[in-house]
>>> print(open('target.cif').read())   # mmCIF, C-alpha atoms and all ligand atoms
data_protein
#
loop_
_atom_site.label_atom_id
_atom_site.label_comp_id
_atom_site.auth_asym_id
_atom_site.auth_seq_id
_atom_site.Cartn_x
_atom_site.Cartn_y
_atom_site.Cartn_z
CA MET A 5 -15.99 59.33 -40.89
CA ARG A 6 -14.46 62.80 -41.22
CA GLN A 7 -11.38 61.21 -42.76
CA GLU A 8 -13.55 59.24 -45.15
CA GLN A 9 -15.44 62.40 -46.12
CA THR A 10 -12.16 64.20 -46.86
CA GLN A 11 -10.79 61.30 -48.84
CA ALA A 12 -14.01 61.04 -50.87
CA ALA A 13 -13.89 64.80 -51.59
CA SER A 14 -10.41 64.36 -53.08
CA PHE A 15 -12.05 62.08 -55.68
CA GLY A 16 -14.85 64.60 -56.30
CA LEU A 17 -17.40 62.58 -54.28
CA ASN A 18 -19.84 64.36 -52.02
CA PHE A 19 -20.22 62.60 -48.63
CA GLU A 20 -22.33 64.64 -46.19
CA LEU A 21 -21.33 64.28 -42.54
CA LEU A 22 -24.35 63.98 -40.23
CA GLU A 23 -24.19 64.62 -36.49
CA ARG A 24 -26.34 62.62 -34.08
CA GLU A 25 -29.46 64.86 -34.30
CA GLN A 26 -29.29 64.91 -38.11
CA VAL A 27 -29.08 61.11 -38.24
CA GLN A 28 -31.93 60.78 -35.75
CA SER A 29 -34.09 63.12 -37.81
CA LEU A 30 -33.73 60.63 -40.68
CA ILE A 31 -33.82 57.29 -38.79
CA ARG A 32 -34.39 56.96 -35.07
CA SER A 33 -32.05 54.42 -33.41
CA PRO A 34 -30.22 54.69 -30.09
CA LEU A 35 -27.18 53.13 -31.80
CA PHE A 36 -26.75 55.72 -34.56
CA ILE A 37 -24.46 58.46 -33.28
CA ALA A 38 -23.24 59.98 -36.55
CA GLY A 39 -23.35 59.16 -40.22
CA LEU A 40 -22.11 59.78 -43.71
CA LYS A 41 -24.76 60.40 -46.33
CA ARG A 42 -24.27 60.04 -50.04
CA PRO A 43 -27.13 61.92 -51.72
CA ASP A 44 -26.09 60.77 -55.20
CA VAL A 45 -26.44 56.97 -54.89
CA ALA A 46 -29.34 54.70 -55.75
CA LEU A 47 -30.33 51.25 -54.52
CA VAL A 48 -30.50 48.42 -57.03
CA ASN A 49 -32.90 45.52 -56.66
CA PRO A 50 -30.63 42.64 -57.73
CA ALA A 51 -33.50 40.34 -58.75
CA ARG A 52 -34.88 42.99 -61.10
CA LEU A 53 -31.38 43.59 -62.42
CA ALA A 54 -30.95 39.86 -63.17
CA TRP A 55 -34.37 39.67 -64.86
CA GLY A 56 -33.55 42.79 -66.89
CA LEU A 57 -30.21 41.36 -68.02
CA ARG A 58 -31.96 38.12 -69.00
CA ARG A 59 -34.49 40.09 -71.07
CA ALA A 60 -31.71 42.11 -72.74
CA CYS A 61 -29.84 38.88 -73.65
CA LEU A 62 -32.96 37.24 -75.10
CA ASP A 63 -33.71 40.39 -77.13
CA LEU A 64 -30.22 40.14 -78.64
CA GLY A 65 -30.87 36.52 -79.64
CA ILE A 66 -28.59 34.99 -77.01
CA ARG A 67 -29.56 31.46 -75.94
CA LEU A 68 -29.62 30.82 -72.19
CA TYR A 69 -29.48 27.28 -70.80
CA GLU A 70 -30.73 27.01 -67.24
CA ASN A 71 -30.37 23.92 -65.04
CA SER A 72 -27.38 22.75 -67.02
CA PRO A 73 -24.38 22.87 -64.67
CA VAL A 74 -20.97 22.68 -66.28
CA THR A 75 -19.12 19.84 -64.55
CA LYS A 76 -15.81 20.13 -66.37
CA LEU A 77 -13.89 22.36 -68.79
CA GLU A 78 -11.38 20.79 -71.17
CA GLU A 79 -9.13 22.32 -73.80
CA ASP A 80 -9.70 20.82 -77.25
CA GLY A 81 -7.50 22.39 -79.93
CA ASN A 82 -8.81 25.85 -80.68
CA PHE A 83 -11.87 25.25 -78.51
CA VAL A 84 -12.88 24.61 -74.91
CA LEU A 85 -15.32 21.79 -74.14
CA ALA A 86 -17.85 22.55 -71.41
CA ARG A 87 -19.28 19.27 -70.17
CA THR A 88 -22.75 19.18 -68.63
CA PRO A 89 -24.93 16.23 -67.51
CA HIS A 90 -27.03 16.80 -70.68
CA GLY A 91 -24.27 17.13 -73.27
CA CYS A 92 -21.20 19.03 -74.23
CA VAL A 93 -20.80 22.60 -75.55
CA ARG A 94 -17.82 23.41 -77.78
CA ALA A 95 -16.89 27.03 -77.25
CA ALA A 96 -14.29 29.24 -78.89
CA ARG A 97 -14.21 31.41 -75.76
CA VAL A 98 -15.40 30.89 -72.15
CA ALA A 99 -16.15 33.66 -69.64
CA LEU A 100 -16.12 32.06 -66.21
CA ALA A 101 -18.17 33.92 -63.60
CA THR A 102 -19.08 31.25 -61.08
CA ASN A 103 -19.01 33.53 -58.00
CA ALA A 104 -18.88 31.44 -54.79
CA PHE A 105 -20.00 28.23 -56.52
CA PRO A 106 -17.37 25.44 -56.65
CA PRO A 107 -14.89 26.73 -59.24
CA LEU A 108 -14.27 24.88 -62.50
CA LEU A 109 -10.53 25.59 -62.45
CA LYS A 110 -8.65 23.94 -59.58
CA ARG A 111 -6.36 26.94 -59.03
CA LEU A 112 -9.34 29.19 -58.19
CA SER A 113 -10.20 27.17 -55.08
CA TYR A 114 -7.04 28.65 -53.48
CA TYR A 115 -8.13 32.22 -54.19
CA VAL A 116 -11.83 32.24 -53.30
CA VAL A 117 -13.64 30.87 -50.28
CA PRO A 118 -17.46 30.73 -49.97
CA VAL A 119 -18.61 32.72 -46.95
CA TYR A 120 -22.25 32.74 -45.88
CA ASP A 121 -24.11 35.96 -45.20
CA TYR A 122 -27.62 35.92 -43.69
CA VAL A 123 -30.62 38.25 -43.97
CA LEU A 124 -33.98 38.82 -42.22
CA MET A 125 -37.05 40.61 -43.56
CA THR A 126 -39.78 41.96 -41.25
CA GLU A 127 -43.48 41.90 -41.89
CA PRO A 128 -44.83 45.23 -43.21
CA LEU A 129 -44.71 47.77 -40.38
CA THR A 130 -47.90 49.34 -39.06
CA PRO A 131 -48.23 53.14 -39.47
CA ALA A 132 -47.44 53.57 -35.74
CA GLN A 133 -44.31 51.40 -35.97
CA ARG A 134 -43.24 53.35 -39.02
CA GLU A 135 -43.80 56.62 -37.23
CA SER A 136 -41.58 55.44 -34.34
CA ILE A 137 -38.49 55.09 -36.56
CA GLY A 138 -39.04 57.82 -39.20
CA TRP A 139 -36.99 56.57 -42.18
CA ARG A 140 -39.24 58.01 -44.88
CA GLY A 141 -36.48 58.34 -47.49
CA ARG A 142 -35.85 54.66 -48.38
CA GLU A 143 -32.13 55.14 -47.63
CA GLY A 144 -29.88 52.10 -47.72
CA VAL A 145 -27.85 51.99 -44.51
CA SER A 146 -24.87 50.06 -43.27
CA ASP A 147 -23.03 50.50 -39.99
CA ALA A 148 -19.34 51.20 -39.58
CA SER A 149 -18.30 48.11 -37.59
CA ARG A 150 -15.76 45.66 -38.97
CA GLN A 151 -18.57 43.07 -38.78
CA PHE A 152 -21.20 45.33 -40.26
CA HIS A 153 -24.97 45.15 -40.70
CA TYR A 154 -26.85 46.48 -43.73
CA THR A 155 -30.48 47.52 -43.72
CA ARG A 156 -33.04 49.08 -46.01
CA THR A 157 -36.80 49.45 -46.36
CA THR A 158 -38.98 47.95 -49.07
CA ALA A 159 -41.74 49.47 -51.19
CA ASP A 160 -44.34 47.58 -49.12
CA GLY A 161 -43.04 48.95 -45.81
CA ARG A 162 -40.82 46.15 -44.50
CA ILE A 163 -37.28 46.36 -43.18
CA LEU A 164 -34.51 44.14 -44.52
CA TRP A 165 -31.75 43.50 -41.99
CA GLY A 166 -28.63 41.46 -42.75
CA GLY A 167 -24.91 41.02 -42.39
CA TYR A 168 -22.71 40.96 -39.29
CA ASP A 169 -21.34 37.42 -39.39
CA ALA A 170 -19.45 36.16 -42.43
CA VAL A 171 -19.62 32.42 -41.80
CA TYR A 172 -17.02 30.13 -43.30
CA TYR A 173 -17.74 26.39 -43.18
CA TRP A 174 -14.94 23.80 -43.05
CA ASN A 175 -13.21 22.95 -46.35
CA ASN A 176 -15.09 25.52 -48.49
CA GLY A 177 -18.49 24.14 -47.33
CA PHE A 178 -21.15 25.08 -49.88
CA GLY A 179 -24.74 24.15 -50.68
CA PRO A 180 -28.43 24.85 -50.10
CA HIS A 181 -28.28 23.22 -46.63
CA LEU A 182 -26.16 26.21 -45.48
CA GLU A 183 -28.64 28.84 -46.69
CA THR A 184 -30.52 28.77 -43.38
CA SER A 185 -29.00 28.98 -39.91
CA GLN A 186 -31.22 29.34 -36.84
CA ARG A 187 -28.24 30.55 -34.82
CA GLU A 188 -27.46 33.34 -37.29
CA PHE A 189 -31.13 34.33 -37.66
CA GLU A 190 -31.52 34.59 -33.88
CA ARG A 191 -28.38 36.68 -33.57
CA LEU A 192 -29.52 39.00 -36.37
CA ALA A 193 -32.93 39.40 -34.71
CA GLU A 194 -31.26 40.28 -31.41
CA HIS A 195 -29.15 42.95 -33.15
CA PHE A 196 -32.22 44.27 -35.00
CA PHE A 197 -34.03 44.95 -31.74
CA GLN A 198 -30.92 46.60 -30.27
CA ALA A 199 -30.94 48.97 -33.26
CA PHE A 200 -34.71 49.52 -33.20
CA PRO A 201 -35.99 48.76 -29.65
CA GLN A 202 -39.18 50.70 -30.46
CA LEU A 203 -40.11 47.87 -32.86
CA GLU A 204 -40.18 45.19 -30.12
CA GLY A 205 -42.75 42.57 -31.15
CA VAL A 206 -42.29 42.96 -34.90
CA ARG A 207 -42.04 39.56 -36.58
CA PHE A 208 -39.79 38.37 -39.38
CA SER A 209 -41.61 36.88 -42.35
CA HIS A 210 -38.54 35.86 -44.38
CA ALA A 211 -35.02 34.71 -43.56
CA TRP A 212 -32.33 33.45 -45.93
CA GLY A 213 -28.63 33.27 -46.61
CA GLY A 214 -26.27 33.07 -49.55
CA ALA A 215 -22.61 32.48 -50.29
CA ILE A 216 -20.17 35.25 -51.08
CA ASP A 217 -16.94 34.77 -53.06
CA THR A 218 -14.46 36.12 -50.56
CA CYS A 219 -10.85 36.61 -51.59
CA SER A 220 -8.03 37.86 -49.41
CA ARG A 221 -7.99 41.42 -50.79
CA PHE A 222 -11.77 42.34 -50.80
CA ALA A 223 -11.70 43.16 -54.50
CA PRO A 224 -12.12 41.03 -57.63
CA PHE A 225 -9.31 39.54 -59.65
CA TRP A 226 -8.98 38.26 -63.21
CA GLY A 227 -7.00 35.72 -65.14
CA THR A 228 -7.00 33.42 -68.14
CA ALA A 229 -6.65 29.67 -68.74
CA HIS A 230 -6.64 27.26 -71.70
CA GLY A 231 -4.18 29.41 -73.66
CA GLY A 232 -6.31 32.57 -73.27
CA LYS A 233 -9.55 30.92 -74.49
CA THR A 234 -11.02 31.05 -70.97
CA ALA A 235 -11.12 34.16 -68.77
CA TYR A 236 -12.37 34.42 -65.19
CA SER A 237 -13.50 37.16 -62.84
CA LEU A 238 -14.11 36.29 -59.19
CA GLY A 239 -13.59 37.49 -55.62
CA PHE A 240 -16.15 40.31 -55.48
CA THR A 241 -16.42 39.73 -51.70
CA GLY A 242 -20.06 40.70 -51.32
CA LEU A 243 -19.92 43.80 -53.53
CA GLY A 244 -20.57 42.40 -56.96
CA VAL A 245 -23.98 43.76 -57.95
CA GLY A 246 -22.47 46.82 -59.62
CA ALA A 247 -18.85 45.72 -59.90
CA THR A 248 -19.52 42.58 -61.98
CA ARG A 249 -20.32 44.85 -64.93
CA PHE A 250 -16.75 46.12 -64.84
CA GLY A 251 -15.57 42.54 -64.21
CA ALA A 252 -17.33 41.34 -67.35
CA LYS A 253 -15.84 44.12 -69.51
CA VAL A 254 -12.35 43.16 -68.35
CA MET A 255 -13.07 39.50 -69.17
CA LEU A 256 -14.14 40.50 -72.70
CA ASP A 257 -10.93 42.52 -73.13
CA LEU A 258 -8.90 39.48 -72.00
CA LEU A 259 -10.78 37.08 -74.28
CA ASP A 260 -10.25 39.42 -77.26
CA GLY A 261 -6.54 39.72 -76.32
CA ARG A 262 -6.92 43.52 -76.26
CA GLN A 263 -4.71 45.88 -74.22
CA THR A 264 -7.07 48.52 -72.83
CA GLU A 265 -7.11 51.12 -70.09
CA ARG A 266 -8.84 48.48 -67.95
CA THR A 267 -6.35 45.67 -68.52
CA ALA A 268 -3.46 48.07 -67.77
CA LEU A 269 -4.68 48.65 -64.19
CA ASP A 270 -2.51 47.15 -61.41
CA PHE A 271 -5.75 46.03 -59.80
CA VAL A 272 -6.52 43.92 -62.91
CA ARG A 273 -2.97 42.66 -63.45
CA THR A 274 -2.34 41.46 -59.89
CA GLN A 275 -3.86 38.56 -57.95
CA PRO A 276 -4.68 38.34 -54.25
CA LEU A 277 -2.61 36.06 -52.03
CA PRO A 278 -4.02 32.51 -51.97
CA PHE A 279 -5.66 31.02 -48.87
CA PRO A 280 -3.65 28.20 -47.25
CA PRO A 281 -5.04 24.63 -47.31
CA GLU A 282 -7.09 23.22 -44.41
CA PRO A 283 -6.78 23.17 -41.45
CA LEU A 284 -4.74 26.42 -41.67
CA ARG A 285 -7.49 27.98 -43.79
CA SER A 286 -10.14 27.54 -41.07
CA ILE A 287 -7.76 28.51 -38.28
CA GLY A 288 -6.72 31.72 -40.10
CA ILE A 289 -10.28 32.73 -40.98
CA HIS A 290 -11.61 32.05 -37.46
CA LEU A 291 -8.71 33.93 -35.87
CA THR A 292 -9.38 36.90 -38.18
CA ARG A 293 -13.11 36.93 -37.42
CA TRP A 294 -12.40 36.73 -33.69
CA SER A 295 -9.91 39.60 -34.00
CA MET A 296 -12.44 41.71 -35.92
CA ASP A 297 -15.01 41.07 -33.20
CA GLN A 298 -12.49 42.16 -30.57
CA ALA A 299 -11.70 45.33 -32.56
CA ASP A 300 -15.43 46.17 -32.77
CA ARG A 301 -15.77 45.76 -28.99
CA ASN A 302 -12.62 47.74 -28.39
CA GLY A 303 -13.32 51.07 -30.09
CA GLY A 304 -11.88 49.81 -33.38
CA ARG A 305 -8.40 49.08 -31.97
CA GLU A 306 -6.75 46.29 -33.92
CA ASN A 307 -4.75 43.45 -32.35
CA LEU A 308 -1.37 42.27 -33.60
CA TRP A 309 -2.92 39.71 -35.98
CA LEU A 310 -5.03 42.36 -37.78
CA ARG A 311 -2.12 44.78 -37.92
CA VAL A 312 0.11 42.14 -39.54
CA MET A 313 -2.69 41.27 -42.00
CA ASN A 314 -3.10 44.97 -42.87
CA ARG A 315 0.63 45.30 -43.42
CA LEU A 316 0.48 42.37 -45.86
CA GLY A 317 -2.60 43.77 -47.62
CA LEU A 318 -4.71 40.85 -46.39
CA GLY A 319 -8.21 40.87 -44.98
CA PHE A 320 -11.43 38.98 -44.56
CA ASP A 321 -14.92 40.36 -45.05
CA SER A 322 -18.36 39.72 -46.53
C1 LIG A 401 -27.01 37.78 -48.60
C2 LIG A 401 -26.21 38.52 -49.63
C3 LIG A 401 -26.22 39.91 -49.64
C4 LIG A 401 -25.51 40.60 -50.61
N1 LIG A 401 -25.57 41.98 -50.63
C5 LIG A 401 -24.92 42.66 -51.59
C6 LIG A 401 -24.99 44.09 -51.67
O1 LIG A 401 -25.64 44.74 -50.85
N2 LIG A 401 -24.31 44.73 -52.66
C7 LIG A 401 -23.56 44.05 -53.58
O2 LIG A 401 -22.98 44.67 -54.47
N3 LIG A 401 -23.47 42.71 -53.54
C8 LIG A 401 -24.12 42.00 -52.57
N4 LIG A 401 -24.02 40.63 -52.52
C9 LIG A 401 -23.09 39.96 -53.45
C10 LIG A 401 -23.64 39.88 -54.85
O3 LIG A 401 -24.86 39.16 -54.82
C11 LIG A 401 -22.60 39.15 -55.72
O4 LIG A 401 -21.34 39.81 -55.61
C12 LIG A 401 -23.02 39.15 -57.17
O5 LIG A 401 -24.26 38.52 -57.34
C13 LIG A 401 -21.96 38.40 -57.98
O6 LIG A 401 -22.42 38.31 -59.30
P1 LIG A 401 -21.86 37.18 -60.22
O7 LIG A 401 -22.42 37.40 -61.57
O8 LIG A 401 -20.35 37.11 -60.06
O9 LIG A 401 -22.42 35.82 -59.56
P2 LIG A 401 -23.91 35.25 -59.47
O10 LIG A 401 -24.92 36.33 -59.59
O11 LIG A 401 -23.97 34.34 -58.28
O12 LIG A 401 -23.98 34.36 -60.77
C14 LIG A 401 -23.18 33.20 -60.89
C15 LIG A 401 -23.96 32.25 -61.79
O13 LIG A 401 -23.11 31.19 -62.19
C16 LIG A 401 -23.89 30.00 -62.19
N5 LIG A 401 -22.97 28.88 -62.02
C17 LIG A 401 -22.07 28.66 -61.03
N6 LIG A 401 -21.38 27.52 -61.25
C18 LIG A 401 -21.84 27.01 -62.43
C19 LIG A 401 -21.53 25.86 -63.20
N7 LIG A 401 -20.60 24.98 -62.82
N8 LIG A 401 -22.23 25.64 -64.35
C20 LIG A 401 -23.19 26.52 -64.77
N9 LIG A 401 -23.53 27.64 -64.08
C21 LIG A 401 -22.86 27.88 -62.92
C22 LIG A 401 -24.82 30.15 -60.98
O14 LIG A 401 -25.92 29.30 -61.10
C23 LIG A 401 -25.17 31.63 -61.09
O15 LIG A 401 -26.31 31.83 -61.89
C24 LIG A 401 -24.74 39.89 -51.56
C25 LIG A 401 -24.72 38.50 -51.55
C26 LIG A 401 -25.45 37.82 -50.58
C27 LIG A 401 -25.42 36.30 -50.60
#
>>> encode(input="target.cif", output="structure tokens", more="lines below")
Ligand SMILES: Cc1cc2nc3c(=O)[nH]c(=O)nc-3n(C[C@H](O)[C@H](O)[C@H](O)COP(=O)(O)OP(=O)(O)OC[C@H]3O[C@@H](n4cnc5c(N)ncnc54)[C@H](O)[C@@H]3O)c2cc1C
Amino acid sequence: MRQEQTQAASFGLNFELLEREQVQSLIRSPLFIAGLKRPDVALVNPARLAWGLRRACLDLGIRLYENSPVTKLEEDGNFVLARTPHGCVRAARVALATNAFPPLLKRLSYYVVPVYDYVLMTEPLTPAQRESIGWRGREGVSDASRQFHYTRTTADGRILWGGYDAVYYWNNGFGPHLETSQREFERLAEHFFQAFPQLEGVRFSHAWGGAIDTCSRFAPFWGTAHGGKTAYSLGFTGLGVGATRFGAKVMLDLLDGRQTERTALDFVRTQPLPFPPEPLRSIGIHLTRWSMDQADRNGGRENLWLRVMNRLGLGFDS
């Protein structure tokens, strides 16, 4: 954490290092032994963000078509045809931002795998339960393990608790049937009570999961298809709420054929390494998750597999 603080300072970012007593004065947990605090960040409610963006689009006169999945994209002269079960849209330009959903360009299925991340939400805490943990500041918290948890409080006094496992299902498994997993919910609950034993007996009112567009370098990538008439931006690996804004600006630059400061970045010009086909894909991902678990149990020490992956600039995360 000290290293991280120093590195952040070199970019002009203020990370405050908290010793055990300082962390405990904010949030009481036997597991929290030190922390880094960023006083200058805010939490975003992604549902409100999506509703706000929708409102902004409608105010600009943009037409939104819900429940109309595009099943195929085809190049047609100077246009791209987007086929849906209800009809076909002829577009001069297409910005493809399908996240972890099955991609519409075959090549993308080698670069992005859907990985499921699960979340629990408690009932509102009683005043006594609240008193037992402190946490008056509404801070968003995540732990420093390779398989990390994230947690935050809500305006109506609940605790959201999620993360840890990043579950990959065979052959890019995807769909609503994977959005609940009793096994994952039970494991998350067990971890919750290890973090906050003083809340023993608290019940969870909500539990859900969602897919994350994981790529092998943890950061998004871009590209074009159909002679530059289609651009894509994917691979946000669980960190897209803020970063998709940048992703969209790059897509617009690409669709306009403009060279900008953004399109000149190495990060924008390069692609991650593709995932191998099954069964190597599953074997590689499960071996990596197992190795990360071992590193977490072993004071962070990485085995040979993780060291080789690091050397190649490869990783796996949610
Ligand atoms: C449990 C969970 C926790 C997360 N926590 C965080 C977090 O703390 N911080 C963070 O930054 N990110 C987090 N994320 C990730 C974040 O939600 C995503 O990175 C972000 O939503 C990606 O935005 P997007 O616009 O690329 O995709 P989305 O918001 O998923 O939008 C993609 C849209 O494309 C539509 N679509 C897909 N395929 C088609 C098709 N064929 N035809 C028509 N429409 C289609 C979908 O319906 C959807 O509306 C989390 C994700 C999950 C699941």
>>> residues_near_ligand(input="target.cif", ligand="ligand LIG 401 (chain A)", cutoff="7 Å", atoms="only C-alpha atoms and all ligand atoms", output="VMD selection string")
chain A and resid 72 to 75 101 to 108 120 to 123 213 to 216 238 240 to 248
>>> atom_distance(input="target.cif", atom1="atom CA of Phe222 of chain A", atom2="atom CA of Phe19 of chain A")
22.1 Å
>>> residues_around(input="target.cif", residues="segment 27-39 of chain A", least_positions_apart="5", cutoff="8 Å", atoms="all atoms listed in the file", output="list of chain:residue names")
A:Met5, A:Leu21, A:Leu22, A:Ser136, A:Ile137, A:Gly138, A:Trp139, A:Arg140, A:Gly141, A:Gln198, A:Ala199, A:Phe200, A:Pro201
>>> write_last_selection(input="target.cif", atoms="C-alpha atoms", output="PDB file, keeping the file's coordinate frame")
ATOM      1  CA  MET A   5     -15.990  59.330 -40.890  1.00  0.00           C
ATOM      2  CA  LEU A  21     -21.330  64.280 -42.540  1.00  0.00           C
ATOM      3  CA  LEU A  22     -24.350  63.980 -40.230  1.00  0.00           C
ATOM      4  CA  SER A 136     -41.580  55.440 -34.340  1.00  0.00           C
ATOM      5  CA  ILE A 137     -38.490  55.090 -36.560  1.00  0.00           C
ATOM      6  CA  GLY A 138     -39.040  57.820 -39.200  1.00  0.00           C
ATOM      7  CA  TRP A 139     -36.990  56.570 -42.180  1.00  0.00           C
ATOM      8  CA  ARG A 140     -39.240  58.010 -44.880  1.00  0.00           C
ATOM      9  CA  GLY A 141     -36.480  58.340 -47.490  1.00  0.00           C
ATOM     10  CA  GLN A 198     -30.920  46.600 -30.270  1.00  0.00           C
ATOM     11  CA  ALA A 199     -30.940  48.970 -33.260  1.00  0.00           C
ATOM     12  CA  PHE A 200     -34.710  49.520 -33.200  1.00  0.00           C
ATOM     13  CA  PRO A 201     -35.990  48.760 -29.650  1.00  0.00           C
TER      14      PRO A 201
END
>>> residues_around(input="target.cif", residues="Arg273 of chain A", least_positions_apart="2", cutoff="9 Å", atoms="all atoms listed in the file", output="list in words")
Phe225, Trp226, Gly227, Thr267, Ala268, Leu269, Asp270, Phe271 and Gln275 of chain A
>>> write_last_selection(input="target.cif", atoms="C-alpha atoms", output="mmCIF file, in the coordinates of the input")
data_model
loop_
_atom_site.group_PDB
_atom_site.id
_atom_site.type_symbol
_atom_site.label_atom_id
_atom_site.label_comp_id
_atom_site.auth_asym_id
_atom_site.auth_seq_id
_atom_site.Cartn_x
_atom_site.Cartn_y
_atom_site.Cartn_z
ATOM 1 C CA PHE A 225 -9.310 39.540 -59.650
ATOM 2 C CA TRP A 226 -8.980 38.260 -63.210
ATOM 3 C CA GLY A 227 -7.000 35.720 -65.140
ATOM 4 C CA THR A 267 -6.350 45.670 -68.520
ATOM 5 C CA ALA A 268 -3.460 48.070 -67.770
ATOM 6 C CA LEU A 269 -4.680 48.650 -64.190
ATOM 7 C CA ASP A 270 -2.510 47.150 -61.410
ATOM 8 C CA PHE A 271 -5.750 46.030 -59.800
ATOM 9 C CA GLN A 275 -3.860 38.560 -57.950
#
>>> closest_residue(input="target.cif", among="A:Leu277, A:Arg42, A:Gly317, A:Val117", to="Tyr173 of chain A", atoms="all atoms listed in the file")
A:Val117
>>> closest_residue(input="target.cif", among="A:Leu64, A:Gln186, A:Arg94, A:Gly167", to="Ser149 of chain A", atoms="all atoms listed in the file")
A:Gly167
>>> closest_residue(input="target.cif", among="A:Lys41, A:Arg285, A:Arg187, A:Arg6", to="Gly144 of chain A", atoms="all atoms listed in the file")
A:Lys41
